[in-house]
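> Before I ask anything, let me first share the structure, which is written out below as structure tokens.
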Amino acid sequence: MADPSRTLAVLGPTNTGKTHYAIERMLGYPTGIIGLPLRLLAREVYDKIVAIRGPSVVALVTGEERIVPPRTKYWVCTVEAMPEGMGADFVAIDEIQLCADPERGHVFTDRLLRMRGQRETQFLGAATMRGVIAALVPEVEFIPRTRMSQLVYSGSKKISKLPARTAIVGFSVENVYAIAELLRRQKGGAAVVMGALSPRTRNAQVELYQNGEVDYLVATDAIGMGLNLDINHVAFSALSKFDGRRMRALMPNELAQIAGRAGRGMASGTFGVTGEAPPLADEVAQAVMDHRFTPIAKLEWRNADLSLGSVSALIASLEARPGHELLARARDADDVIALRTLAEVPDVHMRAADGPSVRLLWDVCRIPDFRGISQAEHASLLETIYCDLHETGRIPDDWLARQIRRIDRTDGDIDTLSKRLAYIRTWTYVAQRKGWVEDESHWRAATRAVEDRLSDALHGALTQRFVDRRTSVLLRRLKQKEAIVAEVNDQGEVTVEGEFVGRLDGFRFLADNSATGQEAKTLSQASLQALSPHFHLRADRFYNAPDTEIDFTEQGGLMWGSQAVGKLVKGADPLKPVIKAFVDDEAGADVAQKVERRLQHFIDRKIATLFEPLLALGRDEALTGLARGFGFRMVEALGVIPRGEVADDVKALDQDARGALRKHGIRFGQFTIFMPLLLKPAPTRLRLVLWSLYKDLDDFPEAPPPGLVTVPAGSSPQGYFTMAGYRAAGERAIRIDMLERLADMLRAKDSRAGFEADADMLSITGMTLEQFADLMQGLGYKGVRAEREKVKPVDQAVADAPTQTDVTPSEATPETAADQAAEIVDEGVAPIAVEPTEEAAVPADIPPAAETESLPGDAPADKVAPEIEVYYTFTWAGRARRQGASDGPSRGPSGARGKPQGKGRPNKGKGKGKQRGDNDHGAKSFSAKPVKKDRIDPDNPFAAALMGLRDKT
């Protein structure tokens with residue numbers, strides 16, 4: 001006699017081993033069926049049973065997946081896909097408390113009331129179902145299960161403070177993504193698990209978490225349905241959710257179902273809130289910890305005894321009300337809504353005229369709305385499928401191929417890939433329906449392949465967006481206190497465990513700038529730890545590097561090749577700057593000291609080389625008295641002093657003192673006292689850096705480009721042009737050595753009577769006449785602008801001479817031409833045009849004037865407009881204040897304030913005829929001695945012609 005069938009209700013909180021107990025019991029029978037709430041959980045259980053019994057006897061049936069071997073003994077299914085009438089020895093329904101779920105509850109209730117195993121039936125779920133199960137299933141036996149570990153409420157924590165192995169629960173896709181993005185920046189990343197993911201994507205994401213690649217999991221409430229993960233803490237980011245119709249607060253039993261995922265086996269777990277979720281009320285938290293919840297009073301129910309004679313009869317049977325007080329009619333689900341919509345379509349209504357057609361229509365309406373676009377669009381798709389099935393018995397291959405081909409793309413972002421996965425799930429479901437397609441195995445494989453490709457692409461996109469492998473690896477190594485090995489390539493790029501983490505710039509580690517916040521701190525901490533040996537090796541190489549590999553910048557930086565290794569810092573003396581090395585603290589004191597010593601050696605040698613004349617001047621013990629004091633002034637001024645600032649000191653120096661100073665290369669110029677060797681580009685560049693450093697300037701001005709005689713005299717710090725080797729005058733500044741050459745030329749001019757600029761003056765300054773006039777005004781001269789008729793060159797004047805006199809060509813001789821030129825020069829006036837004779841003026845081949853045509857307004861042919869030129873006459877401005885001298889007060893040419901030396905008169909009886917403020921050449925400064933009247937001006941073209949004629953005679 002066969003044993004009687006047993007019906008068991010295995011009830012208790014999470015982590016009580018209920019599902020594991022059911023699997024063991026099922027495998028003890030020859031055949032069995034287990035129904036699970038999620039296809040993700042169904043896949044997990046399927047993999048476990050296959051590992052025990054092999055794939056040849058285990059089937060997996062869900063809405064979108066069907067693996068049924070020929071010798072199937074054990075069926076693992078979603079509750080909706082459980083086959084009926086199999087007569088299996090064992091039947092189990094997991095998460096039976098979902099009988100109260102507003103959307104899917106009627107399916108679980110139907111299995112509770114009608115699904116039985118031949119020898120054993122088990123209902124697995126929460127203890128809140130005890131009362132209704134006892135009332136609806138009189139023969140049931142209750143097997144209570146107690147939690148194997150404690151569950152403790154730990155309050156509220158910031159996401160950044162959550163411990164490792166935490167699952168953060170969100171109730172919308174946007175919320176899940178936002179939390180995962182935050183965890184990527186702060187903790188290295190998170191795995192993402194949602195019910196809408198395909199099993200393949202979900203498993204790949206869970207593997208990231210399970211193998212420790214990430215320490216955090218962000219999920220929807222899908223994890224509450226039996227997914228077994230190594231979770232120590234569950235944090236709720238919200239305490240309410242949208243249930244399909246409205247936002248509502250989570251019930252304590254729902255919180256417990258999710259929180260119970262924390263702590264597996266004998267390990268205790270904790271739960272709490274994070275983000276914007278408020279703390280749990282004390283009574284709610286205590287209820288979750290004690291597993292005390294309000295019993296479920298009513299179950300969702302929908303009539304399973306359907307009338308399929310007509311569409312109206314089917315709808316009426318679906319609207320039937322239950323006959324038990326513990327059952328409540330379920331609200332219309334998507335399939336009923338689709339049926340009502342299609343029933344109003346004339347073509348569908350006409351086709352659904354008999355029982356088989358109505359059954360087919362109901363099967364089509366039960367295709368889930370995976371896409372979730374709109375009820376109208378979903379109904380339109382179902383209409384197309386139904387009409388094809390009703391008309392031909394199959395869905396056309398070409399039409400189905402087009403639908404699948406449109407989806408078979410792996411480009412796009414997470415949202416795009418998620419939508420394509422939702423779309424392919426529709427065709428995967430269709431391909432699983434027996435008899436709906438021509439070649440079932442082909443289309444099942446085709447849709448599965450597309451889903452797998454999209455699943456892999458989605459997993460990759462989720463990982464790329466929400467997992468920073470670099471940070472997660474470093475965090476794990478730091479936590480486990482493992483040795484971290486860094487590699488540095490020739491470009492200074494640093495990699496740790498194959499991941500780029502930043503670069504070495506000299507002796508500083510610059511973390512990857514894409515990292516921020518906690519991620520940047522982790523990168524820096526781990527990378528510096530791994531770089532310690534590299535710092536020492538690099539310091540040794542730097543210490544032995546030649547000076548040619550090191551340089552200073554015009555902002556005081558110190559470079560080793562292209563890498564910044566330090567900067568100059570102001571010292572007690574302009575010529576003795578100190579060093580600040582750029583070395584990370586983690587490199588150690590030894591490395592820092594070695595770098596500082598090498599840089600100090602470099603800059604000391606650089607100063608000693610470029611300023612050797614100046615340093616020799618400071619060390620010369622032979623200098624005494626005023627000469628020694630003046631030498632110190634030169635050293636303090638870095639070898640360049642405007643003469644006006646030391647006019648009294650220069651005046652006090654006797655010739656012996658000046659001679660001793662000149663031996664060191666000092667030049668006593670009219671405007672500047674300087675050392676010409678220090679005006680070269682290299683010393684000038686270093687002098688500006690040292691001067692800027694000592695003046696505490698924020699921005700160091702750069703040296704003018706080498707080779708320029710003048711530069712624009714724009715705004716600049718006081719003293720800049722002197723240090724650069726220039727003197728500002730007007731709108732431009734002139735190099736001081738060229739200014740002294742100009743001064744030599746000016747001394748030969750009559751600055752009282754006035755003089756014009758000659759070609760040599762313009763040549764050495766490289767200026768136009770207008771620019772030169774502005775420069776002269778800046779130097780203290782007054783320039784008067786005037787215009788005059790331009791004098792022709794000598795050769796053209798001689799050629800035109802016959803037409804300018806009363807002498808005919810046959811009568812002209814060199815003597816008469818020279819006499820005329822000399823006469824013109826002696827008189828000091830321009831040549832006078834003389835009317836030519838008719839014979840001389842008009843060649844024979846030119847027609848008479850009367851016969852030539854003339855236009856109105858034409859000038860007479862014999863009168864050509866003279867060419868006008870601009871010229872300036874310069875005179876010493878005396879006490880007039882000059883403009884443009886930015887480096888000091890306005891002074892006269894010899895250095896005295898406001899007036900020229902000697903007041904325009906020769907100095908009588910003093911210094912053997914020398915002027916005060918003499919220059920290196922001993923020439924008088926700006927002598928106003930008038931030019932002799934009989935002196936021939938070499939710049940006058942007619943005088944030059946006259947001199948040439950005299951030489952011939």
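In the structure tokens, chains take the letters A, B, ... in the order shown, each chain's residues start at 1, and ligands count up from 1 in the order shown.
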Would you please give, as a list in words, all residues of stretch 299-434 of chain A that DSSP assigns to strand (DSSP E) based on the backbone?

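Reading the DSSP output for stretch 299-434 of chain A, strand (DSSP E) covers Leu299, Glu300, Trp301, Leu327, Ala328 and Arg329 of chain A.
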
> Show which residues sit within 12 Å of A:Pro546, as a short mmCIF file (atom, residue, chain, number, x, y, z; two decimals) with C-alpha atoms, in the first residue's frame. Count only C-alpha atoms, and ignore same-chain residues fewer than 3 positions away.


```
data_model
loop_
_atom_site.label_atom_id
_atom_site.label_comp_id
_atom_site.auth_asym_id
_atom_site.auth_seq_id
_atom_site.Cartn_x
_atom_site.Cartn_y
_atom_site.Cartn_z
CA ARG A 541 70.23 58.77 -10.64
CA PHE A 542 69.42 62.45 -10.17
CA TYR A 543 72.29 63.03 -7.76
CA GLU A 549 70.28 67.86 -17.49
CA ILE A 550 69.15 70.45 -14.93
CA ASP A 551 67.91 73.98 -15.58
CA TRP A 560 65.28 67.89 -14.40
CA GLY A 561 64.63 67.52 -18.09
CA ARG A 598 72.01 68.23 -5.77
CA LEU A 599 69.87 71.25 -6.63
CA HIS A 601 75.09 72.39 -5.98
CA PHE A 602 73.58 73.15 -9.38
CA ARG A 605 77.68 76.51 -9.73
#
```

> Please determine, counting only C-alpha atoms, which residue among A:Glu731, A:Asp573, A:Asp547, A:Asp649 has the shortest atom-to-atom distance to A:Val711.

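Counting only C-alpha atoms, the residue closest to A:Val711 is A:Glu731.
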
> So that I can check the surroundings of A:Glu586, please list as a PyMOL selection string every protein, DNA and RNA residue that reaches within 12 Å of it, counting only C-alpha atoms and ignoring chain neighbours fewer than 3 positions away.

chain A and resi 507-509+524-536+582-583+589-592

> In Å to one decimal, how far is atom CA of A:Glu787 from atom CA of A:Phe874?

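Interatomic distance, atom CA of A:Phe874 to atom CA of A:Glu787: 14.3 Å.
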
> From the set A:Arg538, A:Arg732, A:Arg371, A:Arg43, which residue has the shortest atom-to-atom contact distance to A:Gln777, counting only C-alpha atoms?

A:Arg732

> With distances taken over only C-alpha atoms, which of A:Ser357, A:Ser763, A:Thr128, A:Thr121 is nearest to A:Glu141?

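That would be A:Thr121, the residue with the smallest distance to A:Glu141.
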
> List the spatial neighbours of A:Ala127 as a list of chain:residue names - criterion: any atom at most 9 Å away, only C-alpha atoms, same-chain residues fewer than 4 positions off excluded.

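Surrounding residues, per the criterion: A:Val10, A:Leu11, A:Gly12, A:Pro13, A:Gln97, A:Gly131, A:Pro144, A:Arg145, A:His291, A:Arg292, A:Phe293, A:Pro295.
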
> Convert the current residue selection to file output with C-alpha atoms, as a PDB file, in the first residue's frame.


```pdb
ATOM      1  CA  VAL A  10       7.761  24.996   6.101  1.00  0.00           C
ATOM      2  CA  LEU A  11       7.501  28.487   7.540  1.00  0.00           C
ATOM      3  CA  GLY A  12      10.019  30.837   9.120  1.00  0.00           C
ATOM      4  CA  PRO A  13      12.179  33.922   8.551  1.00  0.00           C
ATOM      5  CA  GLN A  97       3.604  34.560   1.182  1.00  0.00           C
ATOM      6  CA  GLY A 131      -3.367  31.108   9.601  1.00  0.00           C
ATOM      7  CA  PRO A 144       8.547  25.868  11.838  1.00  0.00           C
ATOM      8  CA  ARG A 145      12.083  27.005  11.051  1.00  0.00           C
ATOM      9  CA  HIS A 291      10.394  38.250  13.231  1.00  0.00           C
ATOM     10  CA  ARG A 292       7.009  39.312  14.579  1.00  0.00           C
ATOM     11  CA  PHE A 293       4.615  40.505  11.888  1.00  0.00           C
ATOM     12  CA  PRO A 295      -0.551  37.713   9.917  1.00  0.00           C
TER      13      PRO A 295
END
```

> Considering only C-alpha atoms, return as a compact mmCIF listing (two decimals) with C-alpha atoms, in the first residue's frame whatever protein or nucleic-acid residues lie within 12 Å of A:Asp290, sequence-local ones (same chain, fewer than 3 positions apart) excluded.


```txt
# COMPACT_ATOMS: atom_id res chain seq x y z
CA GLY A 12 10.02 30.84 9.12
CA PRO A 13 12.18 33.92 8.55
CA THR A 14 15.02 34.22 6.08
CA THR A 146 14.17 29.33 13.17
CA ARG A 147 16.86 31.67 11.89
CA SER A 149 21.91 33.63 13.02
CA GLN A 150 20.91 36.93 14.59
CA LEU A 151 19.72 39.96 12.67
CA VAL A 152 20.52 43.30 14.36
CA TYR A 153 19.45 46.84 13.53
CA PRO A 252 7.61 45.47 8.32
CA ASN A 253 7.39 41.98 6.86
CA ALA A 256 12.36 41.79 7.04
CA GLY A 260 17.13 38.95 6.15
CA GLU A 283 8.88 49.20 17.10
CA VAL A 284 9.45 48.42 13.39
CA ALA A 285 13.14 47.67 13.91
CA GLN A 286 12.33 45.43 16.87
CA ALA A 287 9.65 43.59 14.89
CA PHE A 293 4.62 40.51 11.89
```
